[in-house]
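Raw query.pdb, PDB, C-alpha atoms and all ligand atoms:
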ATOM      1  CA  MET A  26      -6.426  -5.958  20.006
ATOM      2  CA  ILE A  27      -3.084  -4.157  19.688
ATOM      3  CA  SER A  28      -1.120  -7.388  19.991
ATOM      4  CA  LYS A  29      -3.303  -8.976  17.323
ATOM      5  CA  ASN A  30      -2.844  -5.952  15.051
ATOM      6  CA  LEU A  31       0.897  -6.180  15.508
ATOM      7  CA  SER A  32       0.920  -9.847  14.514
ATOM      8  CA  VAL A  33      -0.943  -8.969  11.337
ATOM      9  CA  ILE A  34       1.468  -6.100  10.619
ATOM     10  CA  LYS A  35       4.536  -8.272  11.191
ATOM     11  CA  GLU A  36       3.088 -10.910   8.906
ATOM     12  CA  SER A  37       2.598  -8.291   6.165
ATOM     13  CA  ILE A  38       6.102  -6.952   6.676
ATOM     14  CA  SER A  39       7.569 -10.463   6.374
ATOM     15  CA  GLU A  40       5.569 -11.049   3.232
ATOM     16  CA  ALA A  41       6.610  -7.727   1.672
ATOM     17  CA  CYS A  42      10.249  -8.422   2.554
ATOM     18  CA  ARG A  43      10.088 -11.888   1.041
ATOM     19  CA  GLN A  44       8.700 -10.456  -2.166
ATOM     20  CA  ALA A  45      11.246  -7.677  -2.297
ATOM     21  CA  GLY A  46      14.159  -9.946  -1.371
ATOM     22  CA  ARG A  47      14.857  -7.940   1.768
ATOM     23  CA  ASP A  48      15.694  -8.902   5.328
ATOM     24  CA  GLU A  49      12.889  -7.985   7.735
ATOM     25  CA  LYS A  50      15.481  -7.004  10.330
ATOM     26  CA  GLU A  51      16.049  -3.897   8.197
ATOM     27  CA  ILE A  52      12.548  -2.609   8.992
ATOM     28  CA  THR A  53      11.681  -0.706  12.173
ATOM     29  CA  ILE A  54       8.065  -0.210  13.157
ATOM     30  CA  VAL A  55       7.415   3.191  14.726
ATOM     31  CA  ALA A  56       4.082   3.131  16.558
ATOM     32  CA  VAL A  57       2.497   6.530  15.940
ATOM     33  CA  THR A  58       0.848   7.457  19.226
ATOM     34  CA  LYS A  59      -0.488  10.979  18.595
ATOM     35  CA  GLY A  60      -3.889  11.241  20.200
ATOM     36  CA  ARG A  61      -3.570   7.782  21.773
ATOM     37  CA  SER A  62      -3.970   7.120  25.487
ATOM     38  CA  LEU A  63      -1.276   6.083  27.938
ATOM     39  CA  THR A  64      -2.973   2.705  28.268
ATOM     40  CA  GLU A  65      -2.652   2.161  24.545
ATOM     41  CA  ILE A  66       1.007   3.164  24.608
ATOM     42  CA  GLU A  67       1.695   0.858  27.551
ATOM     43  CA  GLU A  68       0.041  -1.939  25.666
ATOM     44  CA  VAL A  69       2.152  -1.406  22.563
ATOM     45  CA  LEU A  70       5.291  -1.287  24.740
ATOM     46  CA  SER A  71       4.321  -4.546  26.398
ATOM     47  CA  CYS A  72       4.206  -6.103  22.931
ATOM     48  CA  GLY A  73       7.869  -5.250  22.484
ATOM     49  CA  ILE A  74       7.560  -2.121  20.341
ATOM     50  CA  ILE A  75       9.960   0.495  21.678
ATOM     51  CA  ASP A  76       9.883   3.066  18.872
ATOM     52  CA  ILE A  77       7.216   5.656  19.622
ATOM     53  CA  GLY A  78       6.324   8.464  17.214
ATOM     54  CA  GLU A  79       4.682  11.735  18.209
ATOM     55  CA  ASN A  80       3.716  14.812  16.210
ATOM     56  CA  ARG A  81       3.761  17.490  18.874
ATOM     57  CA  VAL A  82       6.475  18.267  21.383
ATOM     58  CA  GLN A  83       4.076  19.159  24.192
ATOM     59  CA  GLU A  84       2.103  15.950  23.877
ATOM     60  CA  ALA A  85       5.319  13.925  23.803
ATOM     61  CA  VAL A  86       6.685  15.642  26.920
ATOM     62  CA  SER A  87       3.492  14.971  28.799
ATOM     63  CA  LYS A  88       3.473  11.299  27.800
ATOM     64  CA  TYR A  89       7.177  10.982  28.567
ATOM     65  CA  ASN A  90       6.570  12.228  32.098
ATOM     66  CA  SER A  91       3.602   9.938  32.593
ATOM     67  CA  LEU A  92       5.467   6.849  31.437
ATOM     68  CA  LEU A  93       8.517   7.302  33.677
ATOM     69  CA  LEU A  94       7.506   4.363  35.870
ATOM     70  CA  THR A  95       6.644   2.000  33.036
ATOM     71  CA  PRO A  96       9.002  -1.017  33.063
ATOM     72  CA  SER A  97      10.325  -0.519  29.526
ATOM     73  CA  PHE A  98      10.563   3.278  29.804
ATOM     74  CA  ARG A  99      14.331   3.326  29.436
ATOM     75  CA  LEU A 100      14.185   1.347  26.224
ATOM     76  CA  ILE A 101      11.807   3.751  24.489
ATOM     77  CA  LYS A 102      13.166   5.631  21.512
ATOM     78  CA  TRP A 103      11.112   8.741  20.841
ATOM     79  CA  HIS A 104      10.577   9.863  17.239
ATOM     80  CA  MET A 105       9.447  13.382  16.339
ATOM     81  CA  LEU A 106       7.285  13.164  13.229
ATOM     82  CA  GLY A 107       5.409  16.459  13.121
ATOM     83  CA  HIS A 108       6.446  19.900  11.995
ATOM     84  CA  LEU A 109       8.889  21.346  14.527
ATOM     85  CA  GLN A 110       8.768  25.008  15.489
ATOM     86  CA  THR A 111      12.004  26.742  16.382
ATOM     87  CA  ASN A 112      10.778  27.668  19.860
ATOM     88  CA  LYS A 113      10.175  23.979  20.663
ATOM     89  CA  VAL A 114      13.603  22.783  19.581
ATOM     90  CA  LYS A 115      15.180  22.998  23.011
ATOM     91  CA  GLU A 116      12.661  20.570  24.503
ATOM     92  CA  ALA A 117      12.640  18.409  21.378
ATOM     93  CA  VAL A 118      16.395  17.867  21.511
ATOM     94  CA  ARG A 119      16.164  16.726  25.129
ATOM     95  CA  LEU A 120      13.496  14.178  24.395
ATOM     96  CA  PHE A 121      13.720  12.762  20.911
ATOM     97  CA  GLY A 122      16.171  10.152  19.697
ATOM     98  CA  LEU A 123      15.336  10.868  16.062
ATOM     99  CA  ILE A 124      13.737  13.975  14.587
ATOM    100  CA  HIS A 125      12.151  13.026  11.233
ATOM    101  CA  SER A 126      10.882  16.435  10.234
ATOM    102  CA  VAL A 127      13.861  18.708   9.593
ATOM    103  CA  ASP A 128      12.789  20.798   6.639
ATOM    104  CA  SER A 129      14.997  23.900   6.655
ATOM    105  CA  LEU A 130      18.574  24.947   7.302
ATOM    106  CA  CYS A 131      17.324  27.380   9.914
ATOM    107  CA  LEU A 132      15.651  24.612  11.914
ATOM    108  CA  ALA A 133      18.735  22.409  11.594
ATOM    109  CA  GLU A 134      20.934  25.255  12.888
ATOM    110  CA  GLU A 135      18.740  25.700  15.936
ATOM    111  CA  ILE A 136      18.769  21.924  16.580
ATOM    112  CA  SER A 137      22.555  21.856  16.356
ATOM    113  CA  LYS A 138      22.819  24.860  18.692
ATOM    114  CA  GLN A 139      20.512  23.371  21.320
ATOM    115  CA  ALA A 140      22.122  19.931  21.027
ATOM    116  CA  ALA A 141      25.562  21.477  21.584
ATOM    117  CA  LYS A 142      24.338  22.947  24.889
ATOM    118  CA  ILE A 143      23.658  19.460  26.247
ATOM    119  CA  ASN A 144      26.616  17.783  24.511
ATOM    120  CA  LYS A 145      24.392  15.782  22.227
ATOM    121  CA  ILE A 146      24.754  14.832  18.595
ATOM    122  CA  GLN A 147      21.148  14.875  17.454
ATOM    123  CA  ASP A 148      20.126  12.258  14.901
ATOM    124  CA  ILE A 149      17.795  13.696  12.281
ATOM    125  CA  LEU A 150      16.079  12.895   9.027
ATOM    126  CA  VAL A 151      15.537  15.518   6.376
ATOM    127  CA  GLU A 152      11.896  15.749   5.359
ATOM    128  CA  ILE A 153      11.320  16.020   1.624
ATOM    129  CA  LYS A 154       8.152  17.216  -0.003
ATOM    130  CA  THR A 155       7.863  14.632  -2.762
ATOM    131  CA  SER A 156       4.370  15.642  -3.870
ATOM    132  CA  SER A 157       3.192  19.076  -4.868
ATOM    133  CA  GLU A 158       0.351  19.230  -2.335
ATOM    134  CA  THR A 159       0.881  22.683  -0.892
ATOM    135  CA  ALA A 160      -0.114  21.951   2.707
ATOM    136  CA  LYS A 161       2.725  19.518   3.344
ATOM    137  CA  SER A 162       5.988  20.595   4.851
ATOM    138  CA  GLY A 163       9.352  19.410   3.644
ATOM    139  CA  LEU A 164      12.168  20.581   1.426
ATOM    140  CA  LYS A 165      11.534  20.706  -2.277
ATOM    141  CA  PRO A 166      13.512  17.936  -3.991
ATOM    142  CA  GLU A 167      15.173  20.535  -6.275
ATOM    143  CA  SER A 168      16.704  22.402  -3.364
ATOM    144  CA  ALA A 169      17.274  19.406  -1.079
ATOM    145  CA  ILE A 170      20.840  18.694  -2.096
ATOM    146  CA  GLU A 171      22.066  22.254  -1.547
ATOM    147  CA  VAL A 172      20.401  22.465   1.879
ATOM    148  CA  ILE A 173      21.615  19.033   2.937
ATOM    149  CA  LYS A 174      25.191  20.013   2.086
ATOM    150  CA  GLU A 175      24.837  22.904   4.550
ATOM    151  CA  ILE A 176      23.143  20.791   7.240
ATOM    152  CA  ALA A 177      25.903  18.207   6.947
ATOM    153  CA  ARG A 178      28.405  20.861   8.094
ATOM    154  CA  LEU A 179      26.626  21.468  11.408
ATOM    155  CA  LYS A 180      28.604  20.006  14.280
ATOM    156  CA  ASN A 181      25.893  18.640  16.550
ATOM    157  CA  ILE A 182      23.711  17.040  13.926
ATOM    158  CA  ASN A 183      23.963  13.622  12.341
ATOM    159  CA  ILE A 184      21.853  13.198   9.204
ATOM    160  CA  LYS A 185      20.676   9.592   9.211
ATOM    161  CA  GLY A 186      18.349   9.631   6.225
ATOM    162  CA  LEU A 187      15.252  11.022   4.568
ATOM    163  CA  MET A 188      11.559  11.121   5.354
ATOM    164  CA  THR A 189       8.504  11.901   3.292
ATOM    165  CA  ILE A 190       4.762  11.901   3.762
ATOM    166  CA  ALA A 191       3.093  10.596   0.611
ATOM    167  CA  PRO A 192      -0.240  12.149  -0.355
ATOM    168  CA  GLN A 193      -3.446  10.435   0.758
ATOM    169  CA  VAL A 194      -4.397   8.031  -2.007
ATOM    170  CA  ASP A 195      -7.030   5.339  -2.455
ATOM    171  CA  ASN A 196      -4.726   2.882  -4.136
ATOM    172  CA  PRO A 197      -1.394   2.393  -2.315
ATOM    173  CA  GLU A 198       0.306   1.806  -5.677
ATOM    174  CA  GLU A 199      -0.075   5.547  -6.247
ATOM    175  CA  SER A 200       2.415   6.193  -3.437
ATOM    176  CA  ARG A 201       5.146   4.226  -5.172
ATOM    177  CA  PRO A 202       6.557   7.046  -7.347
ATOM    178  CA  TYR A 203       6.971   9.311  -4.297
ATOM    179  CA  PHE A 204       8.788   6.615  -2.356
ATOM    180  CA  ARG A 205      10.963   5.830  -5.351
ATOM    181  CA  MET A 206      11.825   9.506  -5.810
ATOM    182  CA  LEU A 207      13.018   9.621  -2.210
ATOM    183  CA  ARG A 208      15.174   6.514  -2.585
ATOM    184  CA  GLU A 209      16.784   7.928  -5.720
ATOM    185  CA  LEU A 210      17.430  11.217  -3.969
ATOM    186  CA  ARG A 211      19.121   9.359  -1.119
ATOM    187  CA  GLU A 212      21.382   7.601  -3.618
ATOM    188  CA  ARG A 213      22.407  10.924  -5.149
ATOM    189  CA  ILE A 214      23.068  12.475  -1.732
ATOM    190  CA  ASN A 215      25.190   9.514  -0.678
ATOM    191  CA  GLN A 216      27.530  10.296  -3.561
ATOM    192  CA  LEU A 217      28.217  13.837  -2.337
ATOM    193  CA  PRO A 218      31.701  14.313  -0.887
ATOM    194  CA  VAL A 219      30.336  16.327   2.067
ATOM    195  CA  ILE A 220      28.349  13.317   3.344
ATOM    196  CA  SER A 221      30.750  11.408   5.600
ATOM    197  CA  ASN A 222      28.248   8.831   6.857
ATOM    198  CA  GLN A 223      25.953   7.292   4.288
ATOM    199  CA  LEU A 224      22.282   8.105   4.739
ATOM    200  CA  GLY A 225      20.744   4.744   5.601
ATOM    201  CA  ILE A 226      17.221   5.515   6.757
ATOM    202  CA  LEU A 227      14.172   5.937   4.557
ATOM    203  CA  SER A 228      11.175   6.816   6.731
ATOM    204  CA  ILE A 229       8.314   6.149   4.344
ATOM    205  CA  GLY A 230       5.078   4.211   4.524
ATOM    206  CA  MET A 231       2.085   4.556   6.789
ATOM    207  CA  THR A 232      -0.935   2.318   7.437
ATOM    208  CA  GLY A 233      -2.262   2.509   3.883
ATOM    209  CA  ASP A 234       0.927   1.969   1.954
ATOM    210  CA  PHE A 235       3.637   0.384   4.082
ATOM    211  CA  ARG A 236       3.957  -2.744   1.954
ATOM    212  CA  ILE A 237       4.683  -0.648  -1.127
ATOM    213  CA  ALA A 238       7.085   1.436   0.962
ATOM    214  CA  ILE A 239       9.000  -1.696   1.934
ATOM    215  CA  GLU A 240       9.240  -2.736  -1.707
ATOM    216  CA  GLU A 241      10.729   0.698  -2.398
ATOM    217  CA  GLY A 242      13.311   0.487   0.373
ATOM    218  CA  ALA A 243      11.630   1.722   3.588
ATOM    219  CA  THR A 244      13.691   1.133   6.708
ATOM    220  CA  ILE A 245      11.168   2.825   9.009
ATOM    221  CA  VAL A 246       7.407   2.467   8.656
ATOM    222  CA  ARG A 247       5.279   4.854  10.716
ATOM    223  CA  LEU A 248       2.075   3.100  11.728
ATOM    224  CA  GLY A 249      -0.860   4.597  13.608
ATOM    225  CA  ARG A 250      -4.180   3.087  12.579
ATOM    226  CA  ALA A 251      -2.683  -0.299  11.668
ATOM    227  CA  VAL A 252      -1.463  -0.648  15.264
ATOM    228  CA  PHE A 253      -4.213   1.019  17.285
ATOM    229  CA  GLY A 254      -7.206   0.733  14.964
ATOM    230  CA  GLY A 255      -9.499   3.588  13.973
TER     231      GLY A 255
HETATM  232  C1  LIG B 301      -0.309  10.204  11.837
HETATM  233  C2  LIG B 301       0.954   9.981  11.122
HETATM  234  C3  LIG B 301       1.355   8.690  10.735
HETATM  235  C4  LIG B 301       0.525   7.450  10.941
HETATM  236  O1  LIG B 301      -0.552   7.426  10.048
HETATM  237  P1  LIG B 301      -1.491   6.131   9.907
HETATM  238  O2  LIG B 301      -2.098   6.300   8.576
HETATM  239  O3  LIG B 301      -2.444   6.169  11.044
HETATM  240  O4  LIG B 301      -0.599   4.927   9.949
HETATM  241  C5  LIG B 301       2.593   8.560  10.129
HETATM  242  N1  LIG B 301       3.400   9.623   9.908
HETATM  243  C6  LIG B 301       3.037  10.873  10.256
HETATM  244  C7  LIG B 301       3.953  12.006   9.976
HETATM  245  C8  LIG B 301       1.802  11.082  10.863
HETATM  246  O5  LIG B 301       1.438  12.339  11.187
END
Would you kindly transcribe this structure into structure tokens?
Ligand SMILES: *Cc1c(COP(=O)(O)O)cnc(C)c1O
Amino acid sequence: MISKNLSVIKESISEACRQAGRDEKEITIVAVTKGRSLTEIEEVLSCGIIDIGENRVQEAVSKYNSLLLTPSFRLIKWHMLGHLQTNKVKEAVRLFGLIHSVDSLCLAEEISKQAAKINKIQDILVEIKTSSETAKSGLKPESAIEVIKEIARLKNINIKGLMTIAPQVDNPEESRPYFRMLRELRERINQLPVISNQLGILSIGMTGDFRIAIEEGATIVRLGRAVFGG
């Protein structure tokens, strides 16, 4: 089931890349495993997916510990997708290769502080709230540039790109303006003198809209239902 789903996904990604004139090697699939069982995660790993996305630190730690003996354990790159609370940062920095959900200077400062303690440079994405739905976290686009300038000064953080969660829509075309806004914001940020490494990653696109996301420049697609069903 999972391996079949992945074939279908890869086919769609190839197709979207062909249409957009992009190289499919630019796209990373993150399998979103929140609420999924260890068996399901082992199955996705056995299909060659090594990027695993979780929304809660505690759940990720528990799965991490349970997967220690899995053959591909060492290859797994853990992605933190959910809102991160300051008191969970210490554990998060130990576990995650990429934190997608940095949405304040305060959180970034704590990440840098905890990363320094273990001599790590933590890769992060800055989460932007591209739609006005109040429940979503993320920096407002208007204040993003000022905050990112400050985050870029922190020693133990490496800003790799931007992430957004588009609103739930019926027609995936409706997500396009949000994705486009994020890509344009990335271009503006990359022109700032304080940014020494260009921001390459755009983490956009979920099960319902990943093809559109790829057309708009996604380099990471975060897929839950498309991979595991449901
Ligand atoms: C759950 C989740 C996803 C995956 O959503 P699907 O629609 O199941 O693909 C992606 N990103 C985030 C932040 C999520 O919480």
Is it possible to get the axis-aligned box enclosing segment 79-85 of chain A (all listed atoms, 6 Å extra per side) as JSON, with centre and edge lengths in Å rounded to one decimal?
{"center_x": 4.3, "center_y": 15.4, "center_z": 20.2, "size_x": 16.4, "size_y": 19.4, "size_z": 20.0}
Subject >> Point (12.3, 10.7, 5.4) neighbourhood (10 Å, all atoms listed in the file) written as an MDAnalysis selection string >> reply: chainID A and resid 106 124:127 149:154 163 185:190 204 207:208 211 226:230 243:245
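Inspection of the environment of ligand LIG 301 (chain B), which uses all atoms listed in the file and a cut-off of 6 Å, identifies the neighbouring residues as Val57, Leu106, Gly107, Met231, Thr232, Arg247, Leu248, Gly249, Arg250 and Ala251 of chain A.
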Subject >> Target residues per the PyMOL selection byres (((chain A and resi 191) around 7) and not hetatm), formatted as number ranges by chain >> reply: A: 156, 189-190, 192-193, 200, 203
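A straight line drawn from atom CA of Ile66 of chain A to atom CA of Lys102 of chain A is 12.8 Å long.
Across the model, the gap from atom CA of Thr95 of chain A to atom CA of Ile52 of chain A is 25.2 Å.
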Subject >> Selection dump of the PyMOL selection byres (((chain A and resi 56) around 12) and not hetatm), as a ChimeraX atom specification >> reply: /A:27,30-31,34,53-55,57-61,65-70,72-80,101-106,231-232,245-254
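Atom CA of Ser157 of chain A is found 28.6 Å from atom CA of Leu179 of chain A.
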**OP:** Give as a PyMOL selection string the residues that the PyMOL selection byres (((chain A and resi 116) around 10) and not hetatm) matches when applied to the coordinates above.
**Re:** chain A and resi 82-83+85-86+112-115+117-121+139
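Considering the residues A:Arg47, A:Cys42, A:Asn181, A:Ser91 and counting all atoms listed in the file, Ile143 of chain A has its shortest atom-to-atom contact with A:Asn181.
In this comparison, which uses only C-alpha atoms, the residue of A:Glu240, A:Asp234, A:Gly255, A:Glu198 approaching Ala45 of chain A most closely is A:Glu240.
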Subject >> Given all atoms listed in the file as the counted atoms, nearest of A:Lys35, A:Lys165, A:Lys180, A:Arg201 to Glu135 of chain A >> reply: A:Lys180
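Residues near the point (30.3, 13.8, 2.0), at a distance of 12 Å or less over only C-alpha atoms, make up A:Ile170, A:Ile173, A:Lys174, A:Glu175, A:Ile176, A:Ala177, A:Arg178, A:Ile184, A:Arg213, A:Ile214, A:Asn215, A:Gln216, A:Leu217, A:Pro218, A:Val219, A:Ile220, A:Ser221, A:Asn222, A:Gln223, A:Leu224.
With distances taken over all atoms listed in the file, A:Pro202 is the one residue among A:Asn144, A:Ala169, A:Pro96, A:Pro202 lying closest to Ile237 of chain A.
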**OP:** Considering all atoms listed in the file, state which residue in the set A:Glu241, A:Leu210, A:Pro197, A:Pro166 is at the smallest distance from Gly46 of chain A.
**Re:** A:Glu241
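Remark: for Leu94 of chain A, the closest of the candidate residues A:Lys50, A:Leu63, A:Thr155, A:Leu123 is A:Leu63 (distances computed over only C-alpha atoms).
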With N, CA, C and O atoms as the target, complete segment 172-192 of chain A and hand it back as a compact mmCIF listing (two decimals), in the frame of the given file.
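So part-v6.txt came out as:
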# COMPACT_ATOMS: atom_id res chain seq x y z
N VAL A 172 20.67 22.27 0.44
CA VAL A 172 20.40 22.46 1.88
C VAL A 172 21.07 21.36 2.71
O VAL A 172 21.66 21.64 3.76
N ILE A 173 21.02 20.15 2.20
CA ILE A 173 21.62 19.03 2.94
C ILE A 173 23.14 19.20 3.04
O ILE A 173 23.74 18.89 4.08
N LYS A 174 23.75 19.74 2.01
CA LYS A 174 25.19 20.01 2.09
C LYS A 174 25.49 20.94 3.26
O LYS A 174 26.49 20.78 3.96
N GLU A 175 24.63 21.95 3.45
CA GLU A 175 24.84 22.90 4.55
C GLU A 175 24.57 22.23 5.90
O GLU A 175 25.33 22.42 6.85
N ILE A 176 23.49 21.46 5.97
CA ILE A 176 23.14 20.79 7.24
C ILE A 176 24.27 19.84 7.65
O ILE A 176 24.61 19.73 8.83
N ALA A 177 24.85 19.19 6.66
CA ALA A 177 25.90 18.21 6.95
C ALA A 177 27.12 18.85 7.61
O ALA A 177 27.92 18.17 8.26
N ARG A 178 27.26 20.17 7.47
CA ARG A 178 28.40 20.86 8.09
C ARG A 178 28.16 21.18 9.58
O ARG A 178 29.10 21.56 10.27
N LEU A 179 26.92 21.10 10.02
CA LEU A 179 26.63 21.47 11.41
C LEU A 179 27.20 20.42 12.36
O LEU A 179 27.04 19.22 12.14
N LYS A 180 27.82 20.90 13.42
CA LYS A 180 28.60 20.01 14.28
C LYS A 180 27.77 19.02 15.09
O LYS A 180 28.16 17.89 15.30
N ASN A 181 26.64 19.49 15.62
CA ASN A 181 25.89 18.64 16.55
C ASN A 181 24.68 17.96 15.93
O ASN A 181 23.71 17.65 16.62
N ILE A 182 24.78 17.73 14.63
CA ILE A 182 23.71 17.04 13.93
C ILE A 182 24.30 15.88 13.14
O ILE A 182 25.37 16.00 12.55
N ASN A 183 23.58 14.77 13.16
CA ASN A 183 23.96 13.62 12.34
C ASN A 183 22.77 13.30 11.43
O ASN A 183 21.72 12.91 11.92
N ILE A 184 22.96 13.49 10.13
CA ILE A 184 21.85 13.20 9.20
C ILE A 184 21.84 11.69 8.94
O ILE A 184 22.80 11.14 8.39
N LYS A 185 20.75 11.05 9.34
CA LYS A 185 20.68 9.59 9.21
C LYS A 185 19.91 9.14 7.97
O LYS A 185 19.96 7.98 7.61
N GLY A 186 19.13 10.06 7.38
CA GLY A 186 18.35 9.63 6.22
C GLY A 186 17.29 10.64 5.84
O GLY A 186 17.38 11.82 6.21
N LEU A 187 16.30 10.15 5.10
CA LEU A 187 15.25 11.02 4.57
C LEU A 187 13.88 10.51 4.97
O LEU A 187 13.67 9.32 5.19
N MET A 188 12.94 11.46 5.03
CA MET A 188 11.56 11.12 5.35
C MET A 188 10.64 11.82 4.37
O MET A 188 10.97 12.92 3.88
N THR A 189 9.53 11.18 4.03
CA THR A 189 8.50 11.90 3.29
C THR A 189 7.13 11.42 3.73
O THR A 189 6.98 10.32 4.27
N ILE A 190 6.16 12.27 3.54
CA ILE A 190 4.76 11.90 3.76
C ILE A 190 4.11 11.89 2.38
O ILE A 190 4.00 12.93 1.74
N ALA A 191 3.73 10.71 1.93
CA ALA A 191 3.09 10.60 0.61
C ALA A 191 1.67 11.15 0.70
O ALA A 191 1.07 11.14 1.76
N PRO A 192 1.13 11.64 -0.40
CA PRO A 192 -0.24 12.15 -0.36
C PRO A 192 -1.23 11.03 -0.04
O PRO A 192 -0.93 9.86 -0.26
